[in-house]
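Next comes upload18.cif, with mmCIF, C-alpha atoms and all ligand atoms.
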```cif
data_my_file
#
loop_
_atom_site.label_atom_id
_atom_site.label_comp_id
_atom_site.auth_asym_id
_atom_site.auth_seq_id
_atom_site.Cartn_x
_atom_site.Cartn_y
_atom_site.Cartn_z
CA MET A 1465 24.62 110.79 -1.50
CA THR A 1466 21.21 109.60 -0.31
CA ILE A 1467 19.19 106.75 -1.81
CA ARG A 1468 15.56 107.77 -2.28
CA ALA A 1469 12.46 105.87 -3.45
CA VAL A 1470 11.30 107.79 -6.54
CA VAL A 1471 7.92 107.28 -8.24
CA ARG A 1472 8.41 105.72 -11.67
CA GLY A 1473 4.81 104.78 -12.49
CA VAL A 1474 1.28 104.99 -11.12
CA GLY A 1475 -2.02 103.38 -12.06
CA HIS A 1476 -5.40 102.44 -10.70
CA TYR A 1477 -8.45 100.29 -11.22
CA LEU A 1478 -12.08 100.82 -10.20
CA PRO A 1479 -14.75 98.13 -10.48
CA GLU A 1480 -17.33 98.74 -13.22
CA ARG A 1481 -20.39 99.07 -11.02
CA VAL A 1482 -21.07 102.65 -9.89
CA VAL A 1483 -23.46 103.07 -6.97
CA GLU A 1484 -25.01 106.54 -6.72
CA ASN A 1485 -26.12 107.88 -3.31
CA ALA A 1486 -29.76 107.73 -4.45
CA GLU A 1487 -29.57 103.91 -4.58
CA PHE A 1488 -29.40 103.81 -0.77
CA GLU A 1489 -32.65 105.80 -0.49
CA ALA A 1490 -34.59 102.70 -1.56
CA THR A 1491 -33.46 100.57 1.41
CA LEU A 1492 -32.32 103.00 4.13
CA ASP A 1493 -33.61 106.04 6.02
CA THR A 1494 -31.12 108.32 4.26
CA THR A 1495 -30.93 110.85 1.44
CA ASP A 1496 -28.49 111.88 -1.27
CA ASP A 1497 -28.45 115.30 0.35
CA TRP A 1498 -27.43 113.94 3.81
CA ILE A 1499 -24.61 111.84 2.35
CA ARG A 1500 -23.27 114.70 0.17
CA SER A 1501 -23.49 117.37 2.85
CA ARG A 1502 -22.03 115.25 5.69
CA SER A 1503 -19.30 113.41 3.75
CA GLY A 1504 -18.87 114.93 0.27
CA ILE A 1505 -19.52 111.51 -1.26
CA GLU A 1506 -21.73 111.36 -4.38
CA ARG A 1507 -21.02 107.87 -5.67
CA ARG A 1508 -18.69 104.90 -5.17
CA HIS A 1509 -17.73 101.72 -7.03
CA PHE A 1510 -18.64 98.25 -5.77
CA ALA A 1511 -16.86 95.09 -6.93
CA ALA A 1512 -18.81 92.53 -8.95
CA GLU A 1513 -19.75 89.20 -7.43
CA GLY A 1514 -16.61 87.07 -7.29
CA GLU A 1515 -14.30 90.06 -7.89
CA THR A 1516 -11.73 90.11 -5.08
CA THR A 1517 -9.21 92.54 -3.62
CA SER A 1518 -6.36 90.71 -5.38
CA ASP A 1519 -8.22 91.05 -8.72
CA LEU A 1520 -8.49 94.83 -8.25
CA ALA A 1521 -4.89 95.05 -7.04
CA ALA A 1522 -3.57 93.09 -10.03
CA ARG A 1523 -5.40 95.42 -12.45
CA ALA A 1524 -3.93 98.49 -10.73
CA ALA A 1525 -0.47 96.86 -10.71
CA GLY A 1526 -0.72 96.23 -14.46
CA ALA A 1527 -1.64 99.88 -15.06
CA ALA A 1528 1.28 101.11 -12.90
CA LEU A 1529 3.76 98.80 -14.64
CA SER A 1530 2.67 100.01 -18.07
CA ASP A 1531 2.90 103.65 -16.89
CA ALA A 1532 6.46 102.88 -15.67
CA GLY A 1533 7.39 101.07 -18.90
CA LEU A 1534 8.36 97.99 -16.86
CA THR A 1535 7.28 94.37 -16.54
CA ALA A 1536 6.64 92.27 -13.43
CA GLY A 1537 10.10 90.73 -13.78
CA ASP A 1538 11.66 94.14 -13.13
CA LEU A 1539 10.27 94.29 -9.57
CA ASP A 1540 12.20 93.20 -6.47
CA ALA A 1541 9.31 93.49 -4.02
CA LEU A 1542 5.55 93.98 -3.94
CA ILE A 1543 3.62 95.34 -0.95
CA VAL A 1544 -0.17 95.42 -0.69
CA ALA A 1545 -1.89 97.61 1.90
CA THR A 1546 -5.33 96.16 2.61
CA SER A 1547 -7.79 95.24 5.35
CA THR A 1548 -9.97 93.19 3.02
CA ALA A 1549 -7.71 90.30 2.00
CA ASP A 1550 -9.34 87.63 -0.18
CA LEU A 1551 -8.50 85.01 2.46
CA THR A 1552 -7.00 85.03 5.97
CA PHE A 1553 -3.83 83.81 4.24
CA PRO A 1554 -1.88 83.78 1.98
CA SER A 1555 -1.29 87.49 1.59
CA VAL A 1556 -3.02 89.43 -1.17
CA ALA A 1557 0.49 90.44 -2.24
CA THR A 1558 1.49 86.87 -3.11
CA MET A 1559 -1.81 86.42 -5.00
CA VAL A 1560 -1.05 89.58 -7.00
CA GLN A 1561 2.50 88.35 -7.56
CA ASP A 1562 1.05 85.27 -9.25
CA LYS A 1563 -1.62 87.20 -11.19
CA ILE A 1564 0.91 89.61 -12.74
CA GLY A 1565 3.52 86.91 -13.41
CA MET A 1566 6.16 88.06 -10.89
CA VAL A 1567 8.10 84.90 -10.06
CA THR A 1568 11.11 86.46 -8.34
CA GLY A 1569 11.53 88.79 -5.36
CA PHE A 1570 9.19 88.87 -2.38
CA ALA A 1571 5.70 90.09 -1.51
CA PHE A 1572 3.79 90.85 1.69
CA ASP A 1573 0.74 92.69 3.02
CA VAL A 1574 0.61 95.66 5.37
CA GLN A 1575 -2.49 96.09 7.54
CA ALA A 1576 -2.95 99.56 8.95
CA VAL A 1577 -6.51 100.05 7.67
CA CYS A 1578 -7.01 103.52 6.11
CA ALA A 1579 -3.39 104.47 6.93
CA GLY A 1580 -2.16 101.28 5.22
CA PHE A 1581 -0.81 102.96 2.11
CA ILE A 1582 1.20 105.45 4.21
CA TYR A 1583 2.68 102.55 6.21
CA ALA A 1584 3.39 100.61 2.98
CA LEU A 1585 5.19 103.61 1.45
CA ALA A 1586 7.33 103.90 4.59
CA ASN A 1587 8.19 100.18 4.28
CA ALA A 1588 9.09 100.58 0.61
CA GLN A 1589 11.29 103.58 1.36
CA ALA A 1590 13.08 101.59 4.10
CA LEU A 1591 13.65 98.59 1.77
CA ILE A 1592 15.04 100.85 -0.93
CA ALA A 1593 17.16 103.07 1.35
CA SER A 1594 18.69 100.00 3.04
CA GLY A 1595 19.57 98.42 -0.30
CA GLN A 1596 17.28 95.39 0.12
CA ALA A 1597 15.30 96.25 -3.02
CA SER A 1598 15.71 98.60 -5.98
CA ARG A 1599 12.19 98.52 -7.39
CA VAL A 1600 9.11 98.11 -5.21
CA MET A 1601 5.47 98.01 -6.25
CA VAL A 1602 3.22 99.49 -3.54
CA ILE A 1603 -0.51 98.84 -3.90
CA GLY A 1604 -3.52 99.94 -1.86
CA ALA A 1605 -6.52 97.73 -2.63
CA GLU A 1606 -9.85 97.17 -0.92
CA THR A 1607 -13.25 95.57 -1.30
CA PHE A 1608 -14.93 97.23 1.69
CA SER A 1609 -18.34 96.44 0.17
CA ARG A 1610 -17.76 92.88 1.49
CA ILE A 1611 -17.57 94.04 5.12
CA LEU A 1612 -20.41 96.55 5.22
CA ASP A 1613 -23.63 96.12 7.17
CA MET A 1614 -26.03 97.32 4.47
CA THR A 1615 -28.62 98.10 7.18
CA ASP A 1616 -26.29 100.50 9.06
CA ARG A 1617 -26.78 103.93 7.45
CA GLY A 1618 -23.92 105.34 9.55
CA THR A 1619 -21.30 103.26 7.71
CA CYS A 1620 -22.54 101.57 4.53
CA VAL A 1621 -23.03 104.81 2.57
CA LEU A 1622 -19.43 105.90 3.16
CA PHE A 1623 -17.20 103.18 1.72
CA GLY A 1624 -16.27 101.92 -1.75
CA ASP A 1625 -13.99 99.50 -3.59
CA GLY A 1626 -10.91 100.15 -5.73
CA ALA A 1627 -7.14 99.86 -6.04
CA GLY A 1628 -4.20 102.10 -6.85
CA ALA A 1629 -0.52 101.29 -7.31
CA LEU A 1630 2.86 103.03 -7.45
CA VAL A 1631 6.15 101.69 -8.78
CA LEU A 1632 9.00 103.10 -6.69
CA GLU A 1633 12.59 102.95 -7.84
CA ALA A 1634 15.92 103.65 -6.12
CA ALA A 1635 17.57 106.90 -7.21
CA GLU A 1636 20.55 108.81 -5.89
CA GLY A 1637 19.79 112.20 -4.39
CA ALA A 1638 21.95 114.94 -2.90
CA GLY A 1639 20.30 114.48 0.48
CA THR A 1640 18.49 117.82 0.25
CA PRO A 1641 14.76 118.71 0.19
CA ALA A 1642 15.15 119.37 -3.55
CA ASP A 1643 15.69 115.63 -4.21
CA ARG A 1644 13.02 113.65 -6.00
CA GLY A 1645 11.47 110.73 -4.12
CA ILE A 1646 10.27 110.07 -0.58
CA LEU A 1647 11.75 112.80 1.62
CA ALA A 1648 10.17 111.97 4.98
CA THR A 1649 7.63 109.74 6.70
CA ASP A 1650 5.76 110.16 10.00
CA LEU A 1651 3.89 107.17 11.48
CA HIS A 1652 1.73 106.81 14.61
CA SER A 1653 -0.74 104.43 16.20
CA ASP A 1654 -2.63 104.33 19.49
CA GLY A 1655 -4.44 101.07 20.29
CA ARG A 1656 -6.37 102.66 23.15
CA HIS A 1657 -8.78 103.89 20.48
CA ARG A 1658 -9.29 100.53 18.74
CA ASP A 1659 -13.00 100.40 19.67
CA ILE A 1660 -14.09 103.52 17.76
CA LEU A 1661 -13.45 101.92 14.36
CA TYR A 1662 -13.19 98.16 13.90
CA VAL A 1663 -14.61 95.08 12.20
CA ASP A 1664 -16.50 92.72 14.53
CA GLY A 1665 -15.22 89.51 12.90
CA GLY A 1666 -12.05 87.54 12.29
CA VAL A 1667 -10.49 84.24 13.31
CA SER A 1668 -11.72 84.72 16.89
CA THR A 1669 -15.36 84.78 15.73
CA GLY A 1670 -15.32 82.54 12.66
CA THR A 1671 -16.94 85.29 10.57
CA SER A 1672 -15.44 88.06 8.48
CA GLY A 1673 -17.60 90.64 10.28
CA VAL A 1674 -18.77 94.15 9.39
CA VAL A 1675 -17.45 97.69 9.94
CA LYS A 1676 -18.44 99.35 13.22
CA MET A 1677 -17.67 103.04 13.62
CA GLN A 1678 -18.28 105.87 16.06
CA GLY A 1679 -18.12 108.41 13.25
CA ARG A 1680 -18.12 111.56 15.34
CA GLU A 1681 -15.21 110.32 17.50
CA VAL A 1682 -13.13 109.28 14.48
CA PHE A 1683 -13.89 112.66 12.92
CA ARG A 1684 -12.58 114.45 16.03
CA HIS A 1685 -9.30 112.51 16.02
CA ALA A 1686 -8.87 113.02 12.27
CA VAL A 1687 -9.18 116.78 12.43
CA GLU A 1688 -6.78 116.91 15.37
CA LYS A 1689 -4.13 114.51 14.07
CA LEU A 1690 -3.86 114.85 10.28
CA ALA A 1691 -2.53 118.39 10.00
CA ALA A 1692 -0.12 117.63 12.87
CA THR A 1693 1.36 114.54 11.17
CA ALA A 1694 1.63 116.38 7.85
CA HIS A 1695 3.44 119.23 9.61
CA ALA A 1696 5.78 116.77 11.36
CA ALA A 1697 6.69 115.00 8.10
CA LEU A 1698 7.31 118.33 6.36
CA ALA A 1699 9.56 119.45 9.23
CA LYS A 1700 11.54 116.16 9.03
CA ALA A 1701 12.04 116.88 5.33
CA GLY A 1702 13.28 120.38 6.10
CA LEU A 1703 10.23 121.90 4.44
CA GLY A 1704 7.12 123.83 5.43
CA GLU A 1705 3.49 124.12 4.34
CA ASP A 1706 4.38 126.90 1.84
CA ASP A 1707 6.49 124.41 -0.13
CA VAL A 1708 3.56 122.05 -0.78
CA ASP A 1709 2.21 121.75 -4.33
CA TRP A 1710 -0.40 119.06 -3.59
CA ILE A 1711 -2.06 117.59 -0.55
CA VAL A 1712 -3.23 114.09 -1.48
CA PRO A 1713 -5.26 113.12 1.59
CA HIS A 1714 -7.01 109.93 2.56
CA GLN A 1715 -10.46 110.42 1.05
CA ALA A 1716 -12.85 109.72 3.95
CA ASN A 1717 -14.81 112.91 4.33
CA LEU A 1718 -14.71 116.26 2.50
CA ARG A 1719 -15.21 118.14 5.78
CA ILE A 1720 -12.11 116.44 7.31
CA ILE A 1721 -10.10 117.18 4.14
CA LYS A 1722 -11.16 120.87 4.22
CA ALA A 1723 -10.40 121.22 7.94
CA THR A 1724 -6.94 119.68 7.45
CA ALA A 1725 -6.10 121.95 4.50
CA GLN A 1726 -7.28 124.94 6.53
CA ARG A 1727 -5.10 123.96 9.51
CA MET A 1728 -2.18 123.63 7.10
CA GLY A 1729 -2.95 127.11 5.75
CA LEU A 1730 -3.43 125.79 2.21
CA PRO A 1731 -6.34 126.46 -0.17
CA MET A 1732 -8.55 123.64 -1.51
CA GLU A 1733 -7.06 124.31 -4.99
CA ARG A 1734 -3.96 122.49 -3.72
CA VAL A 1735 -5.91 119.34 -2.75
CA ILE A 1736 -6.52 116.33 -5.02
CA LEU A 1737 -10.11 115.30 -4.32
CA THR A 1738 -11.67 112.00 -5.35
CA VAL A 1739 -13.98 111.38 -2.38
CA GLN A 1740 -17.00 112.53 -4.41
CA ASP A 1741 -16.52 109.77 -6.99
CA HIS A 1742 -14.84 106.97 -5.01
CA GLY A 1743 -16.18 107.27 -1.45
CA ASN A 1744 -13.84 106.03 1.26
CA THR A 1745 -11.76 103.20 -0.24
CA SER A 1746 -9.57 102.88 2.88
CA ALA A 1747 -5.96 101.94 1.95
CA ALA A 1748 -6.74 102.41 -1.76
CA SER A 1749 -7.84 106.04 -1.52
CA ILE A 1750 -4.41 107.74 -1.62
CA PRO A 1751 -2.94 105.77 -4.56
CA LEU A 1752 -6.25 106.21 -6.42
CA ALA A 1753 -6.03 109.97 -5.90
CA LEU A 1754 -2.32 110.04 -6.85
CA SER A 1755 -3.13 108.18 -10.06
CA VAL A 1756 -6.04 110.50 -10.92
CA GLY A 1757 -3.93 113.60 -10.16
CA LYS A 1758 -0.95 112.39 -12.19
CA HIS A 1759 -2.95 111.21 -15.21
CA ASP A 1760 -5.08 114.38 -15.47
CA GLY A 1761 -1.86 116.41 -15.57
CA ARG A 1762 -2.04 118.15 -12.19
CA ILE A 1763 0.80 116.29 -10.41
CA ARG A 1764 4.01 116.79 -12.41
CA GLN A 1765 7.67 115.92 -11.99
CA GLY A 1766 9.27 118.06 -9.29
CA HIS A 1767 6.01 118.78 -7.44
CA LEU A 1768 6.01 118.39 -3.66
CA VAL A 1769 3.23 116.05 -2.56
CA VAL A 1770 2.04 115.49 1.02
CA THR A 1771 -0.14 112.47 1.74
CA GLU A 1772 -1.85 111.85 5.08
CA ALA A 1773 -4.32 109.30 6.46
CA ILE A 1774 -5.98 108.04 9.63
CA GLY A 1775 -8.05 104.95 10.30
CA GLY A 1776 -8.75 101.94 12.50
CA GLY A 1777 -6.27 101.31 15.28
CA LEU A 1778 -6.14 104.21 15.46
CA ALA A 1779 -3.26 104.31 13.00
CA TRP A 1780 -2.24 107.48 11.19
CA GLY A 1781 0.66 109.12 9.43
CA SER A 1782 2.01 111.15 6.56
CA VAL A 1783 4.53 110.90 3.72
CA VAL A 1784 6.26 113.80 1.97
CA LEU A 1785 7.56 113.05 -1.51
CA ARG A 1786 8.81 114.99 -4.47
CA TRP A 1787 7.28 113.55 -7.66
O1 LIG B 1 -11.50 106.15 6.88
C1 LIG B 1 -11.40 105.96 8.25
C2 LIG B 1 -11.70 107.17 8.96
N1 LIG B 1 -13.13 107.42 8.96
C3 LIG B 1 -13.52 108.64 8.96
O2 LIG B 1 -12.73 109.54 8.89
C4 LIG B 1 -14.98 108.91 9.18
C5 LIG B 1 -15.12 110.00 10.19
N2 LIG B 1 -16.47 110.40 10.46
C6 LIG B 1 -17.28 110.98 9.54
O3 LIG B 1 -16.94 111.10 8.38
C7 LIG B 1 -18.59 111.53 10.01
O4 LIG B 1 -18.63 111.46 11.42
C8 LIG B 1 -19.82 110.80 9.41
C9 LIG B 1 -19.98 111.15 7.94
C10 LIG B 1 -19.67 109.31 9.63
C11 LIG B 1 -21.09 111.26 10.14
O5 LIG B 1 -21.22 112.67 10.07
P1 LIG B 1 -21.55 113.49 11.40
O6 LIG B 1 -21.74 114.89 11.01
O7 LIG B 1 -20.45 113.19 12.40
O8 LIG B 1 -22.92 112.89 11.84
P2 LIG B 1 -23.28 112.12 13.20
O9 LIG B 1 -22.63 110.78 13.24
O10 LIG B 1 -23.07 113.05 14.32
O11 LIG B 1 -24.82 111.91 12.99
C12 LIG B 1 -25.73 113.01 12.87
C13 LIG B 1 -27.12 112.45 12.66
C14 LIG B 1 -27.46 111.34 13.63
O12 LIG B 1 -28.81 111.51 14.01
P3 LIG B 1 -29.18 112.15 15.43
O13 LIG B 1 -28.53 111.26 16.45
O14 LIG B 1 -28.58 113.53 15.40
O15 LIG B 1 -30.67 112.12 15.42
C15 LIG B 1 -27.34 110.08 12.82
O16 LIG B 1 -28.16 109.04 13.27
O17 LIG B 1 -27.23 111.86 11.35
C16 LIG B 1 -27.76 110.53 11.46
N3 LIG B 1 -27.26 109.74 10.38
C17 LIG B 1 -27.80 109.72 9.15
N4 LIG B 1 -28.86 110.34 8.64
C18 LIG B 1 -29.18 110.12 7.35
C19 LIG B 1 -26.16 108.91 10.38
N5 LIG B 1 -26.01 108.36 9.16
C20 LIG B 1 -27.01 108.84 8.38
C21 LIG B 1 -27.38 108.65 7.04
N6 LIG B 1 -28.45 109.31 6.58
N7 LIG B 1 -26.68 107.85 6.20
#
```
Let me see the file written as structure tokens.
Ligand code: UT7
Amino acid sequence: MTIRAVVRGVGHYLPERVVENAEFEATLDTTDDWIRSRSGIERRHFAAEGETTSDLAARAAGAALSDAGLTAGDLDALIVATSTADLTFPSVATMVQDKIGMVTGFAFDVQAVCAGFIYALANAQALIASGQASRVMVIGAETFSRILDMTDRGTCVLFGDGAGALVLEAAEGAGTPADRGILATDLHSDGRHRDILYVDGGVSTGTSGVVKMQGREVFRHAVEKLAATAHAALAKAGLGEDDVDWIVPHQANLRIIKATAQRMGLPMERVILTVQDHGNTSAASIPLALSVGKHDGRIRQGHLVVTEAIGGGLAWGSVVLRW
């Protein structure tokens, strides 16, 4: 018998304001055509003034709880993956705990930038498999619009705000690849590359800073590393690329997503794509895509889903789960 973390509910929240690519043409030397052709992004959502990461996360958490048919009191733990916490501390997770009325259990943040949701899923699986928690809410939530330099055309057109959440629940499996739940995880980081994607603020500067990125370099690492980590996670699960129903990738760039699917030998019909509508929402992009794919009827019980992401650190990884 093997204890697995099985998805019981999923939900998401996007801020009301939609920003089309054309809006940037008024203030920057850029075009809708450049943004679409280089990144696949057509629009993104930006949070309203005063709307914080914990606000978005709490809305997504509420949607996931209602999808699961549970209340906040049914959760043992709550993990938020984010790089855009409302404050330096306390954690966004404890703020969400309060906002959804969860007064028991424990809550903490995970910070692995765009790979944050992958790292948070691995944490949730470990808590559940070790018996420390039976039900864990895992949220990816970001307000990247707060840390963008709106004069830097190389970054500000790429990112957006949003939140997605999963409720994971302990279930007994046979210990085979046919089990439902998280079957394998594969995590990596390499701090030697920290300078190609970072925010130039924090407690050492007294400012919250803005995103700085050497896009071409990050692109190169992404294409090299994402298919490899997905392959490694599948191998750990005793599965191969042919077994995959859905790739749910981090939604940073359509060209990276296509290159990864191609390296995995899988057609784009097997990929859940949201990058065109959400932009890059960092740790929120995978749970947003999972929620979209589940609620439009594509991801169904029993499907094999592979998620993969890379971002600042560099930190990257993959999770294989059977829905
Ligand atoms: O989520 C975390 C992980 N992040 C990523 O995965 C992002 C990875 N990188 C990328 O997605 C791509 O590298 C970008 C979309 C950021 C850029 O695409 P690219 O094909 O790598 O373009 P580039 O950076 O090589 O720039 C090509 C040209 C440059 O001009 P020159 O030097 O060739 O004259 C840029 O200055 O495009 C220029 N450029 C722009 N032009 C119009 C850069 N940004 C813009 C813009 N509009 N917004």
*So which residues are close to (-21.8, 107.7, 6.9), meaning at most 9 Å away in the file's coordinates with all atoms listed in the file counted, and can you show them as JSON, numbers by chain?*
{"A": [1498, 1499, 1502, 1503, 1616, 1617, 1618, 1619, 1620, 1621, 1622, 1623, 1679]}
*Please identify the residues whose atoms come within 8 Å of ligand LIG 1 (chain B), using all atoms listed in the file, and report them as JSON, numbers by chain.*
{"A": [1492, 1493, 1494, 1495, 1498, 1499, 1502, 1503, 1577, 1578, 1616, 1617, 1618, 1619, 1620, 1621, 1622, 1661, 1677, 1678, 1679, 1680, 1681, 1682, 1683, 1684, 1686, 1714, 1715, 1716, 1717, 1719, 1720, 1744, 1745, 1746, 1773, 1774, 1775, 1776]}
Skip Ala1524 in chain A itself and residues of its chain fewer than 2 positions away, then list as a PDB file with C-alpha atoms, in the coordinates of the input all residues within 7 Å of it, counting only C-alpha atoms.
```pdb
ATOM      1  CA  GLY A1475      -2.020 103.380 -12.060  1.00  0.00           C
ATOM      2  CA  HIS A1476      -5.400 102.440 -10.700  1.00  0.00           C
ATOM      3  CA  TYR A1477      -8.450 100.290 -11.220  1.00  0.00           C
ATOM      4  CA  LEU A1520      -8.490  94.830  -8.250  1.00  0.00           C
ATOM      5  CA  ALA A1521      -4.890  95.050  -7.040  1.00  0.00           C
ATOM      6  CA  ALA A1522      -3.570  93.090 -10.030  1.00  0.00           C
ATOM      7  CA  GLY A1526      -0.720  96.230 -14.460  1.00  0.00           C
ATOM      8  CA  ALA A1527      -1.640  99.880 -15.060  1.00  0.00           C
ATOM      9  CA  ALA A1528       1.280 101.110 -12.900  1.00  0.00           C
ATOM     10  CA  ALA A1627      -7.140  99.860  -6.040  1.00  0.00           C
ATOM     11  CA  GLY A1628      -4.200 102.100  -6.850  1.00  0.00           C
ATOM     12  CA  ALA A1629      -0.520 101.290  -7.310  1.00  0.00           C
TER      13      ALA A1629
END
```
_Could you tell me how far CA of Arg1468 in chain A sits from CA of Ala1635 in chain A, in Å to one decimal place?_
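For CA of Ala1635 in chain A relative to CA of Arg1468 in chain A, the distance reads 5.4 Å.
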*Give me the residues within 12 Å of Gly1514 in chain A as a PyMOL selection string, counting all atoms listed in the file and dropping any in the same chain fewer than 4 places off.*
chain A and resi 1479+1510+1518-1520+1550+1607+1610
*CA of Gly1604 in chain A to CA of Gly1580 in chain A: how many Å, to one decimal?*
7.3 Å
_Non-local contacts of Gln1765 in chain A (12 Å; all atoms listed in the file; under 4 positions in same chain excluded) as a count of residues only_ = 16
*Contacts of Thr1535 in chain A at 9 Å or less, counting all atoms listed in the file, minus same-chain residues fewer than 4 places along, as an NGL selection string?*
:A and (1526 or 1529-1530 or 1539 or 1564-1566)
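Coordinates place CA of Ala1588 in chain A at a distance of 14.8 Å from CA of Val1474 in chain A.
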*Out of A:Val1674, A:Ile1611, A:Ala1694, A:Met1732, which residue has the shortest atom-to-atom distance to Gly1781 in chain A when counting all atoms listed in the file?*
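Nearest candidate to Gly1781 in chain A out of A:Val1674, A:Ile1611, A:Ala1694, A:Met1732: A:Ala1694.
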*Tyr1662 in chain A environment, 9 Å, all atoms listed in the file, sequence neighbours closer than 2 positions dropped, as a PyMOL selection string*: chain A and resi 1658-1660+1664-1665+1674-1677+1776-1777
_Under the rule that all atoms listed in the file are counted, which of A:Ile1711, A:Ala1525, A:Ala1579, A:Val1663 is the nearest residue to Asp1562 in chain A?_
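Using all atoms listed in the file, the shortest distance to Asp1562 in chain A belongs to A:Ala1525.
Distances here use all atoms listed in the file; by that measure, the residue among A:Ala1486, A:Val1756, A:Met1728, A:Ile1646 closest to Ala1593 in chain A is A:Ile1646.
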Select, counting all atoms listed in the file, all protein, DNA and RNA residues no farther than 10 Å from (-4.4, 115.5, 7.6) in file coordinates, and express the selection as a PDB file with C-alpha atoms, in the frame of the given file.
```
ATOM      1  CA  ALA A1686      -8.870 113.020  12.270  1.00  0.00           C
ATOM      2  CA  VAL A1687      -9.180 116.780  12.430  1.00  0.00           C
ATOM      3  CA  GLU A1688      -6.780 116.910  15.370  1.00  0.00           C
ATOM      4  CA  LYS A1689      -4.130 114.510  14.070  1.00  0.00           C
ATOM      5  CA  LEU A1690      -3.860 114.850  10.280  1.00  0.00           C
ATOM      6  CA  ALA A1691      -2.530 118.390  10.000  1.00  0.00           C
ATOM      7  CA  ALA A1692      -0.120 117.630  12.870  1.00  0.00           C
ATOM      8  CA  THR A1693       1.360 114.540  11.170  1.00  0.00           C
ATOM      9  CA  ALA A1694       1.630 116.380   7.850  1.00  0.00           C
ATOM     10  CA  HIS A1695       3.440 119.230   9.610  1.00  0.00           C
ATOM     11  CA  ILE A1711      -2.060 117.590  -0.550  1.00  0.00           C
ATOM     12  CA  VAL A1712      -3.230 114.090  -1.480  1.00  0.00           C
ATOM     13  CA  PRO A1713      -5.260 113.120   1.590  1.00  0.00           C
ATOM     14  CA  HIS A1714      -7.010 109.930   2.560  1.00  0.00           C
ATOM     15  CA  ILE A1720     -12.110 116.440   7.310  1.00  0.00           C
ATOM     16  CA  ILE A1721     -10.100 117.180   4.140  1.00  0.00           C
ATOM     17  CA  LYS A1722     -11.160 120.870   4.220  1.00  0.00           C
ATOM     18  CA  ALA A1723     -10.400 121.220   7.940  1.00  0.00           C
ATOM     19  CA  THR A1724      -6.940 119.680   7.450  1.00  0.00           C
ATOM     20  CA  ALA A1725      -6.100 121.950   4.500  1.00  0.00           C
ATOM     21  CA  GLN A1726      -7.280 124.940   6.530  1.00  0.00           C
ATOM     22  CA  ARG A1727      -5.100 123.960   9.510  1.00  0.00           C
ATOM     23  CA  MET A1728      -2.180 123.630   7.100  1.00  0.00           C
ATOM     24  CA  VAL A1770       2.040 115.490   1.020  1.00  0.00           C
ATOM     25  CA  THR A1771      -0.140 112.470   1.740  1.00  0.00           C
ATOM     26  CA  GLU A1772      -1.850 111.850   5.080  1.00  0.00           C
ATOM     27  CA  ALA A1773      -4.320 109.300   6.460  1.00  0.00           C
ATOM     28  CA  ILE A1774      -5.980 108.040   9.630  1.00  0.00           C
ATOM     29  CA  TRP A1780      -2.240 107.480  11.190  1.00  0.00           C
ATOM     30  CA  GLY A1781       0.660 109.120   9.430  1.00  0.00           C
ATOM     31  CA  SER A1782       2.010 111.150   6.560  1.00  0.00           C
TER      32      SER A1782
END
```
*Go through A:Asp1531, A:Asp1573, A:Glu1515, A:Asp1650 one by one, measure the shortest atom-to-atom distance of each to Ile1543 in chain A using all atoms listed in the file, and give the residue with the smallest value.*
A:Asp1573
